[in-house]
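As stored in entry-v3.txt (compact mmCIF, C-alpha atoms):
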```
# COMPACT_ATOMS: atom_id res chain seq x y z
CA MET W 1 0.00 0.00 0.00
CA GLU W 2 1.38 3.40 -0.97
CA ILE W 3 0.70 7.05 -0.18
CA THR W 4 1.20 9.81 -2.71
CA MET W 5 3.32 12.67 -1.35
CA ALA W 6 3.09 16.29 -2.42
CA ASN W 7 6.10 15.90 -4.73
CA ASP W 8 4.32 13.01 -6.53
CA THR W 9 6.63 10.36 -5.09
CA ARG W 10 4.89 7.29 -3.70
CA MET W 11 5.82 5.78 -0.35
CA ASP W 12 4.80 2.51 1.22
CA ILE W 13 2.52 3.18 4.18
CA ASP W 14 4.58 0.96 6.49
CA VAL W 15 7.77 2.81 5.58
CA LEU W 16 6.12 6.19 6.13
CA PHE W 17 4.72 5.02 9.46
CA GLU W 18 8.14 3.86 10.67
CA ARG W 19 9.81 7.12 9.58
CA LEU W 20 7.24 9.10 11.51
CA CYS W 21 7.78 6.85 14.54
CA GLU W 22 11.46 7.73 14.33
CA ALA W 23 10.58 11.43 14.15
CA ILE W 24 8.83 11.28 17.54
CA ALA W 25 11.37 8.94 19.16
CA THR W 26 12.86 11.65 21.37
CA LYS W 27 13.61 11.53 25.06
CA GLU W 28 11.49 14.62 25.69
CA LEU W 29 8.34 13.00 24.30
CA ALA W 30 8.98 9.91 26.43
CA ASP W 31 9.35 12.04 29.57
CA TYR W 32 6.18 14.10 29.07
CA TYR W 33 2.73 12.68 29.68
CA ALA W 34 -0.30 12.79 27.41
CA LYS W 35 -2.68 11.66 30.15
CA GLY W 36 -2.81 10.02 33.53
CA LYS W 37 -4.92 7.05 34.57
CA GLY W 38 -7.14 8.90 37.01
CA ARG W 39 -6.94 11.52 39.73
CA GLY W 40 -4.91 10.49 42.74
CA ASP W 41 -3.01 7.81 40.80
CA HIS W 42 0.60 9.00 40.90
CA ASP W 43 2.27 5.80 39.83
CA THR W 44 3.81 7.29 36.70
CA THR W 45 4.45 3.81 35.28
CA ALA W 46 0.67 3.59 34.76
CA TRP W 47 0.51 6.90 32.89
CA GLN W 48 0.75 7.20 29.13
CA SER W 49 3.73 9.04 27.74
CA LEU W 50 3.19 11.55 24.98
CA ARG W 51 5.23 9.46 22.57
CA SER W 52 3.17 6.33 23.29
CA HIS W 53 -0.08 8.21 22.81
CA LEU W 54 0.97 9.76 19.50
CA LYS W 55 2.06 6.38 18.14
CA ALA W 56 -1.18 4.77 19.34
CA VAL W 57 -3.33 7.40 17.60
CA ALA W 58 -1.28 7.09 14.40
CA SER W 59 -1.68 3.31 14.54
CA LYS W 60 -5.45 3.82 14.40
CA ALA W 61 -5.06 5.97 11.28
CA LYS W 62 -2.88 3.27 9.72
CA GLN W 63 -5.62 0.75 10.46
CA LEU W 64 -8.21 2.97 8.75
CA ILE W 65 -5.98 3.11 5.69
CA GLU W 66 -5.43 -0.64 5.65
CA ILE W 67 -9.14 -1.49 5.77
CA GLY W 68 -10.05 1.15 3.19
CA VAL W 69 -11.98 3.60 5.37
CA LEU W 70 -9.32 6.28 4.86
CA PRO W 71 -8.49 6.54 1.13
CA ASP W 72 -4.78 6.30 0.36
CA TYR W 73 -5.15 7.86 -3.09
CA ALA W 74 -5.51 11.39 -4.38
CA MET W 75 -9.00 12.76 -3.74
CA GLU W 76 -10.41 15.29 -6.19
CA ILE W 77 -12.50 18.11 -4.72
CA VAL W 78 -14.53 20.12 -7.21
CA ALA W 79 -15.25 23.71 -6.15
CA GLY W 80 -16.55 26.95 -7.60
CA ASN W 81 -19.32 25.47 -9.76
CA GLY W 82 -16.88 22.95 -11.20
CA GLN W 83 -14.35 25.57 -12.25
CA THR W 84 -11.56 24.40 -9.92
CA VAL W 85 -10.41 20.90 -9.03
CA TYR W 86 -8.23 20.41 -5.96
CA LYS W 87 -6.21 17.24 -5.43
CA LYS W 88 -6.01 16.23 -1.79
CA HIS W 89 -4.26 13.36 0.00
CA PRO W 90 -6.34 12.69 3.12
CA ALA W 91 -4.36 9.61 4.24
CA LEU W 92 -1.13 11.58 4.35
CA ILE W 93 -2.61 14.56 6.22
CA VAL W 94 -4.52 12.44 8.75
CA LEU W 95 -1.46 10.30 9.44
CA LEU W 96 0.72 13.37 9.99
CA ALA W 97 -1.96 14.97 12.16
CA CYS W 98 -2.21 11.84 14.31
CA PHE W 99 1.55 11.79 14.88
CA PHE W 100 1.81 15.44 15.87
CA HIS W 101 -1.61 16.63 17.10
CA ASP W 102 -0.69 16.60 20.81
CA MET W 103 2.92 17.81 20.65
CA GLY W 104 1.83 21.02 22.38
CA LYS W 105 1.21 19.05 25.58
CA CYS W 106 4.90 19.54 26.31
CA ASN W 107 4.01 22.89 27.85
CA GLU W 108 4.47 23.34 31.60
CA GLN W 109 0.87 24.28 32.39
CA PHE W 110 -0.56 21.17 30.78
CA GLN W 111 1.97 18.88 32.47
CA GLU W 112 1.19 20.49 35.82
CA ARG W 113 -2.52 19.85 35.33
CA VAL W 114 -2.14 16.25 34.14
CA LYS W 115 0.01 15.41 37.17
CA SER W 116 -2.11 17.25 39.71
CA GLN W 117 -3.99 15.35 42.42
CA LYS W 118 -6.73 17.97 42.22
CA LYS W 119 -8.61 18.77 39.07
CA LYS W 120 -7.22 21.95 37.52
CA TYR W 121 -9.10 23.76 34.80
CA PHE W 122 -7.65 25.32 31.70
CA ASN W 123 -7.15 29.07 32.17
CA SER W 124 -7.62 30.78 28.82
CA GLU W 125 -6.17 34.04 30.14
CA LYS W 126 -2.80 32.59 31.18
CA GLU W 127 -2.16 29.55 29.02
CA LEU W 128 -2.55 28.36 25.47
CA PRO W 129 -4.45 25.33 24.19
CA HIS W 130 -2.11 22.45 23.47
CA ASN W 131 -3.69 21.98 20.04
CA TYR W 132 -2.65 25.53 19.08
CA LEU W 133 0.92 24.98 20.32
CA SER W 134 1.08 21.67 18.46
CA ILE W 135 0.93 23.54 15.16
CA PHE W 136 4.40 24.97 15.70
CA CYS W 137 5.90 21.68 16.91
CA THR W 138 4.51 19.97 13.85
CA ARG W 139 6.07 22.41 11.45
CA GLN W 140 9.48 21.98 13.03
CA ALA W 141 9.21 18.18 13.19
CA ILE W 142 8.20 17.76 9.55
CA ASP W 143 10.09 20.61 7.91
CA GLY W 144 13.00 19.35 5.85
CA VAL W 145 11.60 15.81 5.78
CA TYR W 146 8.33 16.16 3.84
CA ALA W 147 7.79 18.72 1.13
CA LEU W 148 4.21 19.66 1.89
CA GLU W 149 2.69 22.42 -0.18
CA ASP W 150 1.23 25.51 1.51
CA ALA W 151 -2.35 24.34 0.99
CA GLU W 152 -1.52 20.99 2.60
CA TRP W 153 0.08 22.76 5.55
CA GLN W 154 -3.09 24.76 5.97
CA ASP W 155 -5.17 21.57 5.93
CA LEU W 156 -2.87 20.07 8.55
CA VAL W 157 -2.98 23.23 10.68
CA TYR W 158 -6.79 23.16 10.64
CA ALA W 159 -7.02 19.48 11.65
CA ILE W 160 -4.55 19.79 14.51
CA ALA W 161 -5.98 23.08 15.77
CA HIS W 162 -9.58 21.84 15.73
CA HIS W 163 -9.20 18.35 17.16
CA HIS W 164 -10.32 20.13 20.32
CA PHE W 165 -12.53 23.19 20.36
CA LEU W 166 -10.49 26.23 19.34
CA PHE W 167 -11.51 29.86 19.44
CA ASP W 168 -11.57 31.02 15.82
CA ASP W 169 -9.82 34.24 16.81
CA MET W 170 -7.04 32.50 18.80
CA ALA W 171 -4.18 33.91 16.71
CA LYS W 172 -5.63 37.45 16.98
CA ARG W 173 -6.17 37.04 20.72
CA ILE W 174 -2.55 36.04 21.26
CA ASP W 175 -1.31 39.05 19.32
CA LYS W 176 -3.35 41.37 21.56
CA SER W 177 -2.44 39.67 24.85
CA ALA W 178 1.01 40.34 26.27
CA VAL W 179 0.64 37.44 28.72
CA LEU W 180 -0.32 34.91 26.04
CA GLU W 181 2.36 36.16 23.69
CA GLU W 182 4.93 35.72 26.46
CA VAL W 183 3.70 32.18 27.15
CA LYS W 184 3.88 31.39 23.46
CA GLU W 185 7.42 32.76 23.06
CA LYS W 186 8.65 30.88 26.12
CA PHE W 187 7.22 27.65 24.75
CA LEU W 188 8.69 28.22 21.29
CA GLN W 189 12.16 28.98 22.66
CA GLN W 190 12.11 25.80 24.72
CA PHE W 191 10.60 23.36 22.24
CA CYS W 192 10.35 24.89 18.79
CA ALA W 193 13.49 26.75 17.87
CA GLY W 194 12.50 26.72 14.20
CA ALA W 195 8.88 27.60 14.72
CA THR W 196 9.28 31.01 13.10
CA LYS W 197 8.83 29.18 9.79
CA VAL W 198 5.11 28.97 10.49
CA LYS W 199 3.83 31.92 8.51
CA LYS W 200 1.01 34.08 9.79
CA ARG W 201 -0.73 33.60 6.44
CA THR W 202 -0.65 29.83 6.98
CA LEU W 203 -2.32 30.27 10.34
CA ARG W 204 -4.88 32.70 8.97
CA ASP W 205 -5.76 30.59 5.93
CA GLY W 206 -5.79 27.44 8.01
CA LEU W 207 -7.95 28.73 10.86
CA ASP W 208 -10.06 31.67 9.73
CA ARG W 209 -13.28 30.26 8.25
CA THR W 210 -14.39 33.79 7.32
CA ASN W 211 -11.73 33.81 4.60
CA VAL W 212 -13.91 33.96 1.49
CA LYS W 213 -10.97 33.18 -0.81
CA ILE W 214 -11.10 29.57 0.31
CA PRO W 215 -14.14 27.70 -1.09
CA ILE W 216 -16.58 25.99 1.24
CA GLU W 217 -15.67 22.61 -0.27
CA ILE W 218 -12.15 22.95 1.18
CA TRP W 219 -13.52 23.80 4.63
CA ASN W 220 -15.74 20.72 4.37
CA TYR W 221 -12.70 18.62 3.45
CA ARG W 222 -10.84 19.99 6.46
CA ASP W 223 -13.74 19.07 8.72
CA TYR W 224 -13.60 15.58 7.20
CA ILE W 225 -9.92 15.02 7.99
CA THR W 226 -10.37 16.63 11.42
CA GLY W 227 -13.18 14.17 12.15
CA LEU W 228 -10.93 11.25 11.21
CA LEU W 229 -8.21 12.58 13.52
CA MET W 230 -10.72 12.89 16.36
CA LEU W 231 -11.97 9.36 15.67
CA CYS W 232 -8.44 7.95 15.89
CA ASP W 233 -7.71 9.99 19.02
CA TYR W 234 -10.89 8.78 20.72
CA ALA W 235 -10.23 5.14 19.82
CA ALA W 236 -6.63 5.26 21.04
CA SER W 237 -7.53 7.06 24.27
CA GLY W 238 -10.25 4.52 25.07
CA ASP W 239 -8.17 1.57 23.85
CA ARG W 240 -10.91 0.68 21.34
CA GLU W 241 -10.93 -0.61 17.80
CA VAL W 242 -11.24 2.37 15.51
CA ALA W 243 -13.14 0.40 12.85
CA TYR W 244 -13.93 -3.12 11.72
CA ALA W 245 -13.36 -4.20 8.15
CA ASN W 246 -16.34 -5.22 6.04
CA GLU W 247 -15.14 -8.57 4.70
CA PHE W 248 -18.39 -10.47 5.04
CA LEU W 249 -21.35 -8.89 3.26
CA GLU W 250 -20.66 -9.88 -0.35
CA GLU W 251 -19.92 -13.45 0.75
CA THR W 252 -22.99 -13.42 3.01
CA MET W 253 -25.27 -12.43 0.15
CA GLU W 254 -23.78 -15.13 -2.08
CA HIS W 255 -24.54 -17.62 0.68
CA VAL W 256 -28.13 -16.33 0.84
CA VAL W 257 -28.80 -17.05 -2.83
CA THR W 258 -27.03 -20.40 -2.56
CA THR W 259 -29.34 -21.31 0.31
CA TRP W 260 -32.36 -20.36 -1.80
CA GLN W 261 -31.11 -22.54 -4.65
CA GLU W 262 -30.93 -25.58 -2.38
CA LYS W 263 -34.74 -25.41 -2.23
CA ASN W 264 -35.28 -24.01 -5.72
CA PRO W 265 -32.47 -24.48 -8.29
CA ASP W 266 -33.89 -21.60 -10.38
CA ALA W 267 -33.76 -19.08 -7.51
CA ASP W 268 -31.64 -16.00 -8.19
CA TRP W 269 -31.57 -12.25 -7.66
CA ASN W 270 -34.33 -10.34 -9.40
CA ASP W 271 -33.73 -7.49 -11.85
CA LEU W 272 -33.86 -4.82 -9.12
CA GLN W 273 -31.29 -6.64 -7.00
CA ARG W 274 -28.96 -7.32 -9.92
CA TYR W 275 -29.16 -3.65 -10.88
CA CYS W 276 -28.10 -2.63 -7.37
CA LYS W 277 -25.25 -5.12 -7.41
CA ASP W 278 -24.02 -3.91 -10.82
CA HIS W 279 -24.14 -0.22 -9.85
CA ARG W 280 -22.20 -0.18 -6.57
CA ASN W 281 -20.09 2.74 -7.74
CA ALA W 282 -23.11 4.91 -8.56
CA ASN W 283 -25.81 6.70 -6.60
CA VAL W 284 -28.98 4.65 -6.91
CA MET W 285 -32.56 5.59 -6.03
CA ILE W 286 -35.07 2.75 -6.08
CA THR W 287 -38.82 2.90 -5.49
CA GLY W 288 -40.87 -0.25 -5.18
CA GLU W 289 -43.62 -2.02 -3.33
CA THR W 290 -43.14 -4.15 -0.22
CA GLY W 291 -41.78 -7.58 -1.11
CA MET W 292 -39.79 -6.55 -4.17
CA GLY W 293 -36.48 -7.26 -2.45
CA LYS W 294 -35.27 -3.71 -1.80
CA THR W 295 -33.49 -4.76 1.41
CA GLU W 296 -31.42 -7.41 -0.34
CA GLY W 297 -30.83 -4.93 -3.16
CA ALA W 298 -29.48 -2.39 -0.68
CA LEU W 299 -27.18 -4.97 0.90
CA LEU W 300 -25.91 -6.02 -2.53
CA TRP W 301 -25.28 -2.34 -3.36
CA ILE W 302 -23.29 -1.81 -0.12
CA GLY W 303 -21.10 -4.87 -0.80
CA ASN W 304 -17.89 -5.00 1.21
CA GLU W 305 -18.00 -1.30 2.06
CA LYS W 306 -19.03 0.54 5.21
CA GLY W 307 -22.80 0.89 5.20
CA LEU W 308 -25.44 2.88 7.09
CA PHE W 309 -28.94 1.43 6.67
CA PHE W 310 -31.67 3.88 7.72
CA LEU W 311 -35.41 3.35 8.14
CA PRO W 312 -37.93 5.69 9.82
CA PHE W 313 -39.68 3.21 12.13
CA ARG W 314 -38.16 1.10 14.89
CA THR W 315 -40.40 -1.90 14.23
CA ALA W 316 -39.27 -2.01 10.59
CA ILE W 317 -35.65 -1.58 11.61
CA ASN W 318 -35.87 -4.40 14.14
CA ALA W 319 -37.26 -6.69 11.46
CA ILE W 320 -34.52 -5.73 8.99
CA HIS W 321 -31.84 -6.21 11.66
CA ASN W 322 -33.17 -9.65 12.52
CA ARG W 323 -33.06 -10.61 8.86
CA VAL W 324 -29.49 -9.36 8.39
CA VAL W 325 -28.31 -11.10 11.57
CA GLU W 326 -29.93 -14.32 10.35
CA TYR W 327 -28.11 -13.99 7.01
CA VAL W 328 -24.72 -13.19 8.59
CA ALA W 329 -24.96 -15.83 11.31
CA ALA W 330 -25.90 -18.49 8.74
CA TYR W 331 -22.90 -17.50 6.61
CA TYR W 332 -20.44 -17.73 9.51
CA ARG W 333 -21.93 -21.02 10.70
CA SER W 334 -21.57 -22.43 7.17
CA LYS W 335 -17.85 -21.60 7.40
CA GLY W 336 -17.58 -23.56 10.64
CA TYR W 337 -16.91 -20.61 12.94
CA GLU W 338 -17.76 -21.55 16.52
CA ASP W 339 -17.50 -17.88 17.53
CA TYR W 340 -20.12 -16.84 14.98
CA ARG W 341 -22.01 -14.73 17.57
CA GLN W 342 -18.90 -12.63 18.19
CA ARG W 343 -18.37 -12.26 14.45
CA VAL W 344 -21.97 -11.14 13.98
CA HIS W 345 -21.47 -8.48 16.66
CA GLU W 346 -18.32 -7.29 14.85
CA SER W 347 -20.28 -7.08 11.60
CA THR W 348 -23.53 -5.25 12.32
CA SER W 349 -25.53 -3.61 15.07
CA LEU W 350 -28.88 -2.00 15.77
CA LEU W 351 -28.98 1.65 16.75
CA HIS W 352 -32.11 3.39 18.02
CA SER W 353 -33.57 4.47 21.36
CA THR W 354 -34.84 1.01 22.38
CA GLY W 355 -32.37 -0.97 20.31
CA LEU W 356 -30.55 -2.40 23.31
CA TYR W 357 -33.81 -3.80 24.69
CA HIS W 358 -34.57 -5.47 21.35
CA LEU W 359 -31.07 -6.97 21.12
CA MET W 360 -31.28 -8.25 24.68
CA LYS W 361 -34.70 -9.79 24.11
CA THR W 362 -33.51 -11.51 20.94
CA GLU W 363 -30.37 -12.89 22.64
CA ILE W 364 -32.35 -14.29 25.58
CA GLU W 365 -34.83 -15.95 23.23
CA GLU W 366 -31.97 -17.51 21.27
CA SER W 367 -30.21 -18.68 24.44
CA GLN W 368 -33.30 -20.69 25.35
CA GLU W 369 -33.00 -22.61 22.10
CA VAL W 370 -29.22 -22.92 21.75
CA ASP W 371 -26.64 -23.96 24.35
CA MET W 372 -24.73 -20.66 24.55
CA ALA W 373 -21.59 -20.13 26.61
CA ALA W 374 -22.71 -16.59 27.43
CA SER W 375 -26.20 -17.54 28.56
CA ASN W 376 -25.81 -15.59 31.80
CA VAL W 377 -28.11 -12.60 31.42
CA SER W 378 -25.72 -10.03 32.90
CA ASP W 379 -22.85 -11.23 30.69
CA VAL W 380 -25.05 -10.95 27.62
CA PHE W 381 -26.23 -7.48 28.64
CA TYR W 382 -22.73 -6.04 29.12
CA GLU W 383 -21.54 -7.66 25.91
CA LEU W 384 -24.38 -6.07 23.97
CA LEU W 385 -23.84 -2.74 25.73
CA GLU W 386 -20.21 -2.74 24.60
CA TRP W 387 -21.15 -3.44 20.97
CA ARG W 388 -23.88 -0.80 21.02
CA GLU W 389 -21.29 1.75 22.13
CA ARG W 390 -19.14 0.76 19.17
CA ALA W 391 -22.16 1.17 16.92
CA LYS W 392 -22.74 4.66 18.35
CA GLN W 393 -19.20 5.53 17.28
CA PHE W 394 -19.99 4.15 13.79
CA SER W 395 -16.98 1.84 13.99
CA LEU W 396 -18.88 -1.26 12.83
CA PRO W 397 -19.15 -2.09 9.11
CA LEU W 398 -22.95 -2.13 8.92
CA ILE W 399 -25.17 0.05 11.12
CA ILE W 400 -28.95 -0.35 10.96
CA SER W 401 -30.50 2.74 12.49
CA THR W 402 -33.07 5.50 12.63
CA VAL W 403 -32.03 8.77 11.00
CA ASP W 404 -32.20 10.74 14.27
CA GLN W 405 -29.08 8.91 15.49
CA LEU W 406 -27.10 11.15 13.13
CA PHE W 407 -28.23 14.38 14.77
CA ASP W 408 -25.87 14.41 17.76
CA PHE W 409 -22.97 12.81 15.90
CA VAL W 410 -22.66 13.62 12.21
CA PHE W 411 -24.69 16.85 12.31
CA ARG W 412 -23.58 18.03 15.75
CA LEU W 413 -22.92 21.76 16.09
CA LYS W 414 -20.43 23.22 18.54
CA ASP W 415 -21.93 24.23 21.86
CA THR W 416 -20.21 27.55 22.56
CA SER W 417 -21.99 27.90 25.89
CA GLU W 418 -19.98 25.07 27.39
CA LYS W 419 -16.55 25.91 28.80
CA TRP W 420 -13.85 24.13 26.85
CA GLN W 421 -11.30 22.05 28.75
CA PRO W 422 -8.36 20.39 26.98
```

Step by step, read the file and then write its structure as structure tokens.
Amino acid sequence: MEITMANDTRMDIDVLFERLCEAIATKELADYYAKGKGRGDHDTTAWQSLRSHLKAVASKAKQLIEIGVLPDYAMEIVAGNGQTVYKKHPALIVLLACFFHDMGKCNEQFQERVKSQKKKYFNSEKELPHNYLSIFCTRQAIDGVYALEDAEWQDLVYAIAHHHFLFDDMAKRIDKSAVLEEVKEKFLQQFCAGATKVKKRTLRDGLDRTNVKIPIEIWNYRDYITGLLMLCDYAASGDREVAYANEFLEETMEHVVTTWQEKNPDADWNDLQRYCKDHRNANVMITGETGMGKTEGALLWIGNEKGLFFLPFRTAINAIHNRVVEYVAAYYRSKGYEDYRQRVHESTSLLHSTGLYHLMKTEIEESQEVDMAASNVSDVFYELLEWRERAKQFSLPLIISTVDQLFDFVFRLKDTSEKWQP
């Protein structure tokens, strides 16, 4: 697997990953902490060093690339009514952002707070957000190694700066505050001797969304790569899988039709379903009556890609989920997997307000018919609770859900009334 660099050279992802690991292999990053393991726990051997955290987050990005969630090819963004086409390399930018997004945690105030027995809040009048400081560390760490273009630097600046809430006028506020400017200069002298190479224009164009010279499509792209950085950061911090590969759905659907043919040798997909299967790379809108096979058509269209399956009513969703689980479980059982229940949970989940109740009810009913190792009700409940949480993070390959589940995740707006704490 290769990543295209700004100078059009192509680099194996494993080689790039190892080179970036070498770039953060400094004693300073091993001696500073990214996070503790809880207030009052001052056994520093249990804390996570900054270097370990950065590598863990980057490992999640590498996993996204390997399973195809994060494209490792040039992405074309069309802007200005089709008049301009921008070529972007999201895999490269996200990987760099993951490696360097928390470098600003080297600052004294953050280290004092992370080591404190008492909870200390971020003081916006006397200290700077670590995500803002990380911008300068990143420039120094990468400069001379990777020939990123100005536009790519701006994309990287935006992702790093916004992986936590950042005041849009941060750069202007620092310029007007003697205290913050002094804090910034002290930090730069200690950790970023070459940070002067970060141009003010790069900061402005990377942070100021009021800049009308930059098309909205680029801001949307920057939100996209920022979201991927935040996803990797969350997964690494919680020691969770960032995503599960979809390697089952195409094979599952083939098993479905094979099962039909055991009863009826002439059974096959209908015209609607074949159309969906043949047009996976296109947007498809299908209208049809109940019983025409739209569900199977949708599953054939998704194939071995990440899929979100939305329906408006919970009863309909429960029925669809039961059908998909039946298909997937039958496929894994046909392959002789004894852990087919675990594999089903890694493949798909139900997501709506009473989804956990439905899953629990279904599991209990099944446990009465099958000799299950996890027949204990509490074990089953906590297992399902864990997989529902992974569904809520959209890390599973196939999510069957009501549309409202997107509101507080995909469509969430920043709540400026809540005090930000790094």

TODO: Find the spatial neighbours of W:Gly68, counting all atoms listed in the file, within a cut-off of 10 Å - ignore same-chain residues fewer than 6 positions away - and output them as a ChimeraX atom specification.
DONE: /W:62,245-246,305-306

Task: Test item: residues at most 10 Å from W:Glu108, all atoms listed in the file, excluding those fewer than 4 positions along its chain, as a ChimeraX atom specification - done: /W:32,104,112-113,127,183,187

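With atom CA of W:His164 on one side and atom CA of W:Thr26 on the other, the separation reads 24.7 Å.
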
Contacts of stretch 171-178 of chain W at 9 Å (all atoms listed in the file; same-chain gap of 2+ positions) as an mmCIF file with C-alpha atoms, keeping the file's coordinate frame:
```cif
data_model
loop_
_atom_site.group_PDB
_atom_site.id
_atom_site.type_symbol
_atom_site.label_atom_id
_atom_site.label_comp_id
_atom_site.auth_asym_id
_atom_site.auth_seq_id
_atom_site.Cartn_x
_atom_site.Cartn_y
_atom_site.Cartn_z
ATOM 1 C CA GLU W 125 -6.170 34.040 30.140
ATOM 2 C CA LEU W 128 -2.550 28.360 25.470
ATOM 3 C CA TYR W 132 -2.650 25.530 19.080
ATOM 4 C CA PHE W 167 -11.510 29.860 19.440
ATOM 5 C CA ASP W 168 -11.570 31.020 15.820
ATOM 6 C CA ASP W 169 -9.820 34.240 16.810
ATOM 7 C CA LEU W 180 -0.320 34.910 26.040
ATOM 8 C CA GLU W 181 2.360 36.160 23.690
ATOM 9 C CA GLU W 182 4.930 35.720 26.460
ATOM 10 C CA VAL W 183 3.700 32.180 27.150
ATOM 11 C CA LYS W 184 3.880 31.390 23.460
ATOM 12 C CA LYS W 200 1.010 34.080 9.790
ATOM 13 C CA LEU W 203 -2.320 30.270 10.340
ATOM 14 C CA ARG W 204 -4.880 32.700 8.970
ATOM 15 C CA LEU W 207 -7.950 28.730 10.860
#
```

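The two atoms in question, atom CA of W:Asp155 and atom CA of W:Asp233, are spaced 17.7 Å apart.
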
Task: Contacts of W:His130 at 12 Å (only C-alpha atoms; same-chain gap of 2+ positions) as a count of residues only - done: 36

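When all atoms listed in the file are used to compute distances to W:Gly303, the closest of the residues W:Leu398, W:Phe191, W:Arg209, W:Tyr224 turns out to be W:Leu398.
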
- [ ] Using all atoms listed in the file, collect all residues at a distance of at most 8 Å from (-33.0, 4.7, 19.0) as written in the file, then present them as number ranges by chain.
- [x] W: 314, 351-355, 401-402, 404-405

Would you put the residues from that selection into a file with C-alpha atoms, as a short mmCIF file (atom, residue, chain, number, x, y, z; two decimals), in the coordinates of the input?
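Saved as again-v6.cif:
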```cif
data_model
loop_
_atom_site.label_atom_id
_atom_site.label_comp_id
_atom_site.auth_asym_id
_atom_site.auth_seq_id
_atom_site.Cartn_x
_atom_site.Cartn_y
_atom_site.Cartn_z
CA ARG W 314 -38.16 1.10 14.89
CA LEU W 351 -28.98 1.65 16.75
CA HIS W 352 -32.11 3.39 18.02
CA SER W 353 -33.57 4.47 21.36
CA THR W 354 -34.84 1.01 22.38
CA GLY W 355 -32.37 -0.97 20.31
CA SER W 401 -30.50 2.74 12.49
CA THR W 402 -33.07 5.50 12.63
CA ASP W 404 -32.20 10.74 14.27
CA GLN W 405 -29.08 8.91 15.49
#
```
